[in-house]
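*Asks:* Got a structure for you, questions after.
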Amino acid sequence: MKRRRVLRALLAAAAAALVGIAAVHVAARLVPLPDDFFTPGSQVVAFEDGSFAHVFLSPDDKWRIPVRLAEVDPAYLQALLRLEDKRFYQHGGVDVAAVLRAAITNLSRGRVVSGASTLTMQLVRVREVRPRSLGSKVVEAFRALQLEARMSKAEILAAYLEYVPYGRNVEGLEAAALSYFGHRATALSAEEIATLLAVPQNPNARYPKAANKARLTEARDDIAARLVEWGALDGDAARLAEVRAAPVPVRLRAFPRLLPHAAYWLAARYPDRARIETTLQRGVQKQAEEALARSTSDLLNKDIHHGAVVVVEHETAKVRALVGSFDFFADAPGSQIAGFDVPRSPGSALKPFIYGLALDEGLVLPEHLVLDVPVAFGTYVPKNYDGRFSGLVRAEEALSRSLNVPFVNLLHEVGVDRFVGHLEAWGVGSLSQRPGYYGLSAAIGGMELTPLELAGLYTMLAHDGVYRDLRWLEDGAPTSGPAPSAPREVPGVRGLSSGAAFLVQRALRIKDRPDFPARRRFTGVPPHIHWKTGTSYGHRDAWAAGSGARHTAVVWLGNFDQSPSAHLVGAEAAGPVLFDVLEGLEAGAPPPEPEAPPKDLTRVEVCAYSGHLPGPGCPHTTWVWARRQAVPTAPCPYHVALDVDDATGLALTPECREGRAHHEERFLIWPARLRRWLAASARHAPQPPAFHPDCRGSVSDRPPRILSPGAGQLALLIPGVAAREQEIPLAAESASDQLSWFVDGRFLGTVRADEHLWWTPQPGRHLVVVTDEAGRSAEQAVSVRMGAGGDTGGTPP
């Protein structure tokens with residue numbers, strides 16, 4: 001009976017124990033963890049190779065880097081588990097066998113000589129600091145059960161390695177490896193493993209500093225000996241002797257703080273990413289920083305205080321370097337601004353893309369003669385950088401010389417809105433969305449974009465005209481929008497045809513041009529490098545952008561407060577930095593093979609003088625490259641073949657040459673705008689003979705085109721100033737010799753086509769009509785209003 005009662009009592013106790021254990025486990029699942037049990041760690045910016053470029057303090061001012069188990073040296077993990085918790089993967093947070101062993105050992109010794117805390121319990125102790133007591137042990141055990149119920153073993157181990165203390169404000173294995181040894185925990189020596197295991201047992205007494213050297217050395221050597229004995233650390237007695245002979249660290253190293261502009265910019269852009277894995281390459285970043293640093297002193301002396309460099313590998317569209325300014329830690333205003341993401345006026349740096357679009361649309365060929373003479377678009381009167389004009393110049397030369405007027409004319413043909421639309425499709429997101437916001441000045445810097453955006457455009461040019469979003473995150477995140485959760489390939493879209501890209505690059509490889517840096521006239525540049533510079537209005541920005549065999553680079557120099565400097569000239573300020581970057585990246589690499597013309601180009605016969613398709617008056621022809629699908633169809637407008645009367649030397653038409661002895665001659669004719677410009681400077685243009693009085697004809701069958709007033713022009717009269725002092729010039733482009741002008745049906749006069757006729761305006765809406773000698777005409781509407789404060793009734797003459 002007594003045995004039965006004892007057995008019944010034991011069974012009841014066992015049942016109660018099982019119920020208690022079950023209740024504890026249920027409670028562990030139901031009772032939530034404190035909201036602040038885990039706190040964010042240090043945000044890290046990494047180079048493409050995985051090495052850390054920049055480490056930020058955590059929100060609670062700790063150096064605590066989240067750990068990825070796959071990146072931890074397996075030898076360290078093996079040693080850790082053998083030393084601290086060899087049954088880690090078998091227990092559920094509390095190692096009952098270890099608890100019983102520790103209890104028996106401590107009771108037999110009469111003091112605490114062995115512990116039973118698992119890694120999970122140690123993680124709890126680190127996160128919730130309590131006095132050492134039995135009650136604390138109970139709470140730690142319960143928290144450990146909570147963690148085991150919510151997290152996998154791998155997650156618990158990673159959390160332990162993130163929060164384990166290493167002295168002062170250094171927490172976690174990765175942070176300790178960087179601070180103690182200057183490298184990550186991916187590959188650790190035996191002495192480093194023993195050191196990293198020794199410090200957490202007594203962090204404040206063992207972390208690296210001179211006063212702790214003896215204690216750290218003793219603890220490290222003891223742990224190393226035990227690990228070697230257990231077989232948890234590779235080596236024998238000789239290896240153990242090497243470990244003991246190795247010095248322990250006696251100071252904490254500084255954490256990586258490289259590329260600060262890019263790091264802070266990325267951290268602000270991706271605040272929820274613990275580790276920002278970039279496409280930046282340490283070597284390329286260093287070369288870009290050094291290229292800018294070599295010029296910094298000279299630039300500061302010239303009142304140029306800020307700059308930026310972007311380098312892209314154009315085959316992959318991966319950003320390889322981001323330099324935000326001269327010195328992030330300088331006291332000068334704006335030193336912390338990431339200049340590569342600040343919109344600025346690009347000057348002439350967008351001209352290659354206007355040229356490329358015009359090539360694609362068949363508006364121009366590289367050999368076309370284009371006008372470089374004064375022109376007005378309403379009140380906008382563009383001028384070249386040096387204030388001079390060339391008259392006629394080939395389109396390719398206009399690009400290589402960066403002439404403004406030809407490209408304002410070309411943008412007028414392409415269309416401003418269409419050009420802006422293309423830029424937006426090519427990743428330029430800093431443009432205004434207001435319709436009609438931009439005008440023709442966009443061709444020469446009348447808009448703003450960032451160095452990153454300009455790098456995207458020039459990367460497209462170098463990559464056969466295919467645009468792809470730039471990639472600065474290793475998972476393929478683009479320049480805009482939310483970062484994707486998984487890697488992806490960035491699709492490409494055709495921005496320019498292969499042929500247009502080829503011809504643009506050909507123009508930008510020309511060396512004998514004004515924006516060739518002076519010092520490079522002696523050292524030269526590799527023949528395959530193509531580049532373009534830009535200088536904004538008022539000398540506020542200097543740009544240089546270009547590409548070599550593998551990389552595209554953009555350099556911007558200026559002042560964030562928009563203050564000007566006479567030295568902010570693209571060729572002389574930014575150009576040398578660009579060439580230093582590109583040549584440094586290609587040093588030692590064999591030059592690429594000459595590029596063959598792409599298949600979408602074909603050879604076409606053109607007038608050797610004008611570059612247009614030959615007409616009957618062209619004396620010589622040549623062959624040039626043109627896009628198969630966009631060969632300009634207009635014949636040469638500069639040559640004409642005329643029948644000339646032998647007796648008078650006057651031109652004849654087919655209708656009036658019968659009965660007259662005549663012969664055919666070829667003549668060169670220049671546009672009226674060119675003749676007008678030449679006449680203004682007392683120079684004369686070649687002129688074909690006038691038509692015989694008995695003949696009514698013209699050297700061209702094209703009607704005149706009104707140049708002034710411009711289409712849709714609104715003229716404002718200044719109150720108090722006589723209307724006759726505010727005359728509007730009437731001018732047209734025509735091959736005819738004489739033009740007749742009418743306003744609202746009233747005849748104003750007849751003048752030579754290369755002359756202006758001045759009209760005294762009156763408020764209201766008017767219709768301007770011009771007629772040539774053959775009766776062909778053109779018309780233009782113009783509105784005239786009084787300025788503020790004026791009388792709507794007009795001003796007396």
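Chain labels A, B, ... are given in the sequence in which chains occur in the structure tokens; within each chain residues are numbered consecutively from 1, and ligands are likewise numbered from 1 in the order shown.
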Enumerate the residues of stretch 216-359 of chain A with a DSSP assignment of strand (DSSP E or B), computed from the backbone, and present them as a PyMOL selection string.

*Replies:* chain A and resi 257+275-278+306-313+318-323+344

*Asks:* Hey, what's within 7 Å of stretch 291-294 of chain A if we count only C-alpha atoms and toss same-chain stuff fewer than 5 positions away? As a ChimeraX atom specification, please?

*Replies:* /A:326,577,580-581

*Asks:* Can I get the selected residues back with N, CA and C atoms, as a compact mmCIF listing (two decimals), in the first residue's frame?

*Replies:*
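Output file result_20.txt follows:
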```
# COMPACT_ATOMS: atom_id res chain seq x y z
N PHE A 326 34.69 67.96 -52.90
CA PHE A 326 36.12 67.90 -52.59
C PHE A 326 36.38 67.18 -51.26
N VAL A 577 40.35 66.88 -65.50
CA VAL A 577 39.95 65.88 -64.51
C VAL A 577 39.34 64.67 -65.23
N ASP A 580 42.09 62.59 -66.77
CA ASP A 580 42.82 61.88 -65.72
C ASP A 580 42.06 60.63 -65.28
N VAL A 581 40.74 60.77 -65.13
CA VAL A 581 39.92 59.63 -64.71
C VAL A 581 39.94 58.54 -65.77
```

*Asks:* Give me the residues within 12 Å of A:Ala735 as a PyMOL selection string, counting only C-alpha atoms and dropping any in the same chain fewer than 3 places off.

*Replies:* chain A and resi 637-640+668-675+687-688+690+697-705+732+738-739+752-754+771-774+776

*Asks:* Using only C-alpha atoms, which protein or nucleic acid residues come within 12 Å of A:Ile354? Drop anything in the same chain fewer than 3 positions from it, and give the result as a VMD selection string.

*Replies:* chain A and resid 348 to 351 357 to 361 363 to 364 395 399 404 406 to 416 418 to 420 422 to 423 440 442 to 444 457 495 to 496 500 to 501 504

*Asks:* Mind writing the picked residues with N, CA and C atoms as a compact mmCIF listing (two decimals), in the first residue's frame?

*Replies:*
```txt
# COMPACT_ATOMS: atom_id res chain seq x y z
N SER A 348 26.76 73.19 -72.85
CA SER A 348 26.64 72.57 -74.18
C SER A 348 26.64 71.06 -74.14
N ALA A 349 26.60 70.46 -72.97
CA ALA A 349 26.78 69.01 -72.87
C ALA A 349 25.64 68.21 -73.48
N LEU A 350 24.51 68.85 -73.79
CA LEU A 350 23.39 68.12 -74.39
C LEU A 350 23.38 68.19 -75.92
N LYS A 351 24.29 68.96 -76.49
CA LYS A 351 24.29 69.08 -77.96
C LYS A 351 24.45 67.75 -78.69
N LEU A 357 19.49 62.93 -82.42
CA LEU A 357 18.08 62.87 -82.80
C LEU A 357 17.88 63.41 -84.22
N ALA A 358 18.59 64.48 -84.56
CA ALA A 358 18.46 65.04 -85.91
C ALA A 358 18.96 64.05 -86.96
N LEU A 359 20.04 63.31 -86.65
CA LEU A 359 20.52 62.28 -87.56
C LEU A 359 19.48 61.19 -87.74
N ASP A 360 18.86 60.78 -86.62
CA ASP A 360 17.85 59.72 -86.68
C ASP A 360 16.61 60.14 -87.45
N GLU A 361 16.31 61.42 -87.45
CA GLU A 361 15.09 61.89 -88.11
C GLU A 361 15.36 62.38 -89.53
N LEU A 363 17.14 64.87 -90.50
CA LEU A 363 17.17 66.33 -90.62
C LEU A 363 18.54 66.84 -91.02
N VAL A 364 19.57 66.03 -90.83
CA VAL A 364 20.92 66.51 -91.06
C VAL A 364 21.83 65.32 -91.31
N ALA A 395 27.93 70.30 -90.10
CA ALA A 395 27.23 69.95 -88.86
C ALA A 395 28.16 69.23 -87.89
N LEU A 399 29.37 70.54 -84.04
CA LEU A 399 29.34 69.82 -82.77
C LEU A 399 30.72 69.78 -82.13
N ASN A 404 27.00 77.39 -80.75
CA ASN A 404 25.66 77.48 -80.17
C ASN A 404 24.56 77.67 -81.22
N PRO A 406 24.14 77.04 -84.51
CA PRO A 406 23.66 75.90 -85.31
C PRO A 406 22.81 74.91 -84.50
N PHE A 407 23.11 74.78 -83.20
CA PHE A 407 22.35 73.81 -82.42
C PHE A 407 21.04 74.38 -81.89
N VAL A 408 20.96 75.67 -81.74
CA VAL A 408 19.66 76.27 -81.47
C VAL A 408 18.76 76.09 -82.69
N ASN A 409 19.34 76.32 -83.89
CA ASN A 409 18.58 76.09 -85.12
C ASN A 409 18.14 74.63 -85.23
N LEU A 410 19.05 73.71 -84.89
CA LEU A 410 18.75 72.29 -85.02
C LEU A 410 17.68 71.87 -84.01
N LEU A 411 17.76 72.40 -82.79
CA LEU A 411 16.72 72.08 -81.80
C LEU A 411 15.37 72.63 -82.25
N HIS A 412 15.38 73.76 -82.93
CA HIS A 412 14.14 74.32 -83.46
C HIS A 412 13.50 73.34 -84.45
N GLU A 413 14.34 72.65 -85.24
CA GLU A 413 13.82 71.68 -86.20
C GLU A 413 13.37 70.40 -85.50
N VAL A 414 14.14 69.94 -84.54
CA VAL A 414 13.78 68.72 -83.80
C VAL A 414 12.50 68.95 -83.00
N GLY A 415 12.41 70.13 -82.36
CA GLY A 415 11.28 70.45 -81.50
C GLY A 415 11.65 70.34 -80.04
N VAL A 416 11.45 71.41 -79.30
CA VAL A 416 11.85 71.43 -77.89
C VAL A 416 11.09 70.39 -77.09
N ARG A 418 9.65 67.66 -78.03
CA ARG A 418 10.06 66.29 -78.38
C ARG A 418 11.41 65.97 -77.76
N PHE A 419 12.31 66.94 -77.75
CA PHE A 419 13.62 66.72 -77.15
C PHE A 419 13.49 66.48 -75.65
N VAL A 420 12.68 67.27 -74.99
CA VAL A 420 12.46 67.10 -73.56
C VAL A 420 11.84 65.74 -73.28
N HIS A 422 12.26 63.02 -75.00
CA HIS A 422 13.32 62.02 -75.12
C HIS A 422 14.18 62.01 -73.87
N LEU A 423 14.54 63.17 -73.35
CA LEU A 423 15.37 63.21 -72.14
C LEU A 423 14.67 62.51 -70.98
N LEU A 440 14.22 77.22 -76.65
CA LEU A 440 15.36 76.82 -77.48
C LEU A 440 16.69 76.95 -76.74
N ALA A 442 17.44 75.49 -74.27
CA ALA A 442 17.79 74.16 -73.76
C ALA A 442 18.98 73.58 -74.50
N ALA A 443 19.20 74.03 -75.72
CA ALA A 443 20.34 73.52 -76.49
C ALA A 443 21.67 73.93 -75.90
N ILE A 444 21.69 75.02 -75.14
CA ILE A 444 22.96 75.54 -74.64
C ILE A 444 22.94 75.75 -73.13
N LEU A 457 23.04 59.53 -69.91
CA LEU A 457 22.95 59.87 -71.33
C LEU A 457 24.22 59.47 -72.07
N GLY A 495 17.56 54.34 -77.55
CA GLY A 495 17.47 55.79 -77.42
C GLY A 495 17.87 56.48 -78.70
N LEU A 496 19.02 56.08 -79.24
CA LEU A 496 19.48 56.54 -80.54
C LEU A 496 19.80 55.30 -81.38
N ALA A 500 23.39 56.57 -85.57
CA ALA A 500 23.48 57.92 -85.00
C ALA A 500 24.51 57.96 -83.87
N ALA A 501 24.49 56.93 -83.00
CA ALA A 501 25.46 56.88 -81.92
C ALA A 501 26.89 56.84 -82.47
N VAL A 504 27.78 60.34 -83.85
CA VAL A 504 27.98 61.29 -82.77
C VAL A 504 29.35 61.06 -82.14
```

*Asks:* Among the residues of stretch 139-371 of chain A, find those DSSP assigns to alpha helix (DSSP H) from the backbone and print them as a PyMOL selection string.

*Replies:* chain A and resi 139-150+153-163+173-181+190-198+203-206+213-230+237-245+260-269+282-301+351-360

*Asks:* Compile the contact shell of A:Thr278 as a PDB file with C-alpha atoms, in the first residue's frame: residues with an atom at most 7 Å away, counting only C-alpha atoms, same-chain residues fewer than 4 positions apart removed.

*Replies:*
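Heads up, here's the output in out_10.pdb:
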```
ATOM      1  CA  ALA A  46      29.467  47.932 -49.136  1.00  0.00           C
ATOM      2  CA  PHE A  47      31.579  47.884 -52.270  1.00  0.00           C
ATOM      3  CA  GLU A  48      30.712  45.433 -55.019  1.00  0.00           C
ATOM      4  CA  TRP A 472      24.218  51.574 -58.187  1.00  0.00           C
ATOM      5  CA  LEU A 473      22.782  48.728 -56.101  1.00  0.00           C
ATOM      6  CA  GLU A 474      24.096  45.232 -56.651  1.00  0.00           C
TER       7      GLU A 474
END
```

*Asks:* Please compute the atom CA of A:Pro40-atom CA of A:Arg320 distance, one decimal, in Å.

*Replies:*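 Atom-to-atom, atom CA of A:Pro40 and atom CA of A:Arg320 are spaced 28.5 Å apart.
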
*Asks:* Could you list, as a compact mmCIF listing (two decimals) with C-alpha atoms, in the first residue's frame, every residue within 10 Å of A:Lys153, counting only C-alpha atoms and ignoring same-chain residues fewer than 6 positions away?

*Replies:*
```txt
# COMPACT_ATOMS: atom_id res chain seq x y z
CA PHE A 88 22.94 24.40 -29.34
CA TYR A 89 21.13 22.56 -32.14
CA GLN A 90 19.62 19.96 -29.76
CA GLY A 92 15.07 24.28 -27.03
CA GLY A 93 16.70 27.30 -25.44
CA THR A 120 20.02 31.78 -26.53
CA LEU A 147 13.01 33.20 -28.77
CA ALA A 159 21.27 37.56 -33.51
```

*Asks:* As a PDB file with N, CA, C and O atoms, in the first residue's frame, please: the residues near A:Phe255 (cut-off 8 Å, only C-alpha atoms, same-chain neighbours under 5 positions excluded).

*Replies:*
```pdb
ATOM      1  N   HIS A  54      31.593  51.993 -45.790  1.00  0.00           N
ATOM      2  CA  HIS A  54      31.201  52.994 -44.801  1.00  0.00           C
ATOM      3  C   HIS A  54      30.272  52.329 -43.783  1.00  0.00           C
ATOM      4  O   HIS A  54      29.315  51.644 -44.153  1.00  0.00           O
ATOM      5  N   VAL A  55      30.570  52.529 -42.503  1.00  0.00           N
ATOM      6  CA  VAL A  55      29.749  51.992 -41.426  1.00  0.00           C
ATOM      7  C   VAL A  55      29.219  53.153 -40.592  1.00  0.00           C
ATOM      8  O   VAL A  55      29.999  54.024 -40.165  1.00  0.00           O
ATOM      9  N   LEU A 178      36.260  44.055 -37.511  1.00  0.00           N
ATOM     10  CA  LEU A 178      36.720  45.288 -38.148  1.00  0.00           C
ATOM     11  C   LEU A 178      37.516  46.145 -37.166  1.00  0.00           C
ATOM     12  O   LEU A 178      38.575  46.691 -37.509  1.00  0.00           O
ATOM     13  N   SER A 179      37.009  46.291 -35.959  1.00  0.00           N
ATOM     14  CA  SER A 179      37.634  47.170 -34.981  1.00  0.00           C
ATOM     15  C   SER A 179      38.922  46.588 -34.426  1.00  0.00           C
ATOM     16  O   SER A 179      39.877  47.318 -34.140  1.00  0.00           O
TER      17      SER A 179
END
```

*Asks:* Measuring between only C-alpha atoms, which one of A:Ala238, A:Ala274, A:Val309, A:Ala262 shows the shortest distance to A:Thr39?

*Replies:*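 That would be A:Ala274, the residue with the smallest distance to A:Thr39.
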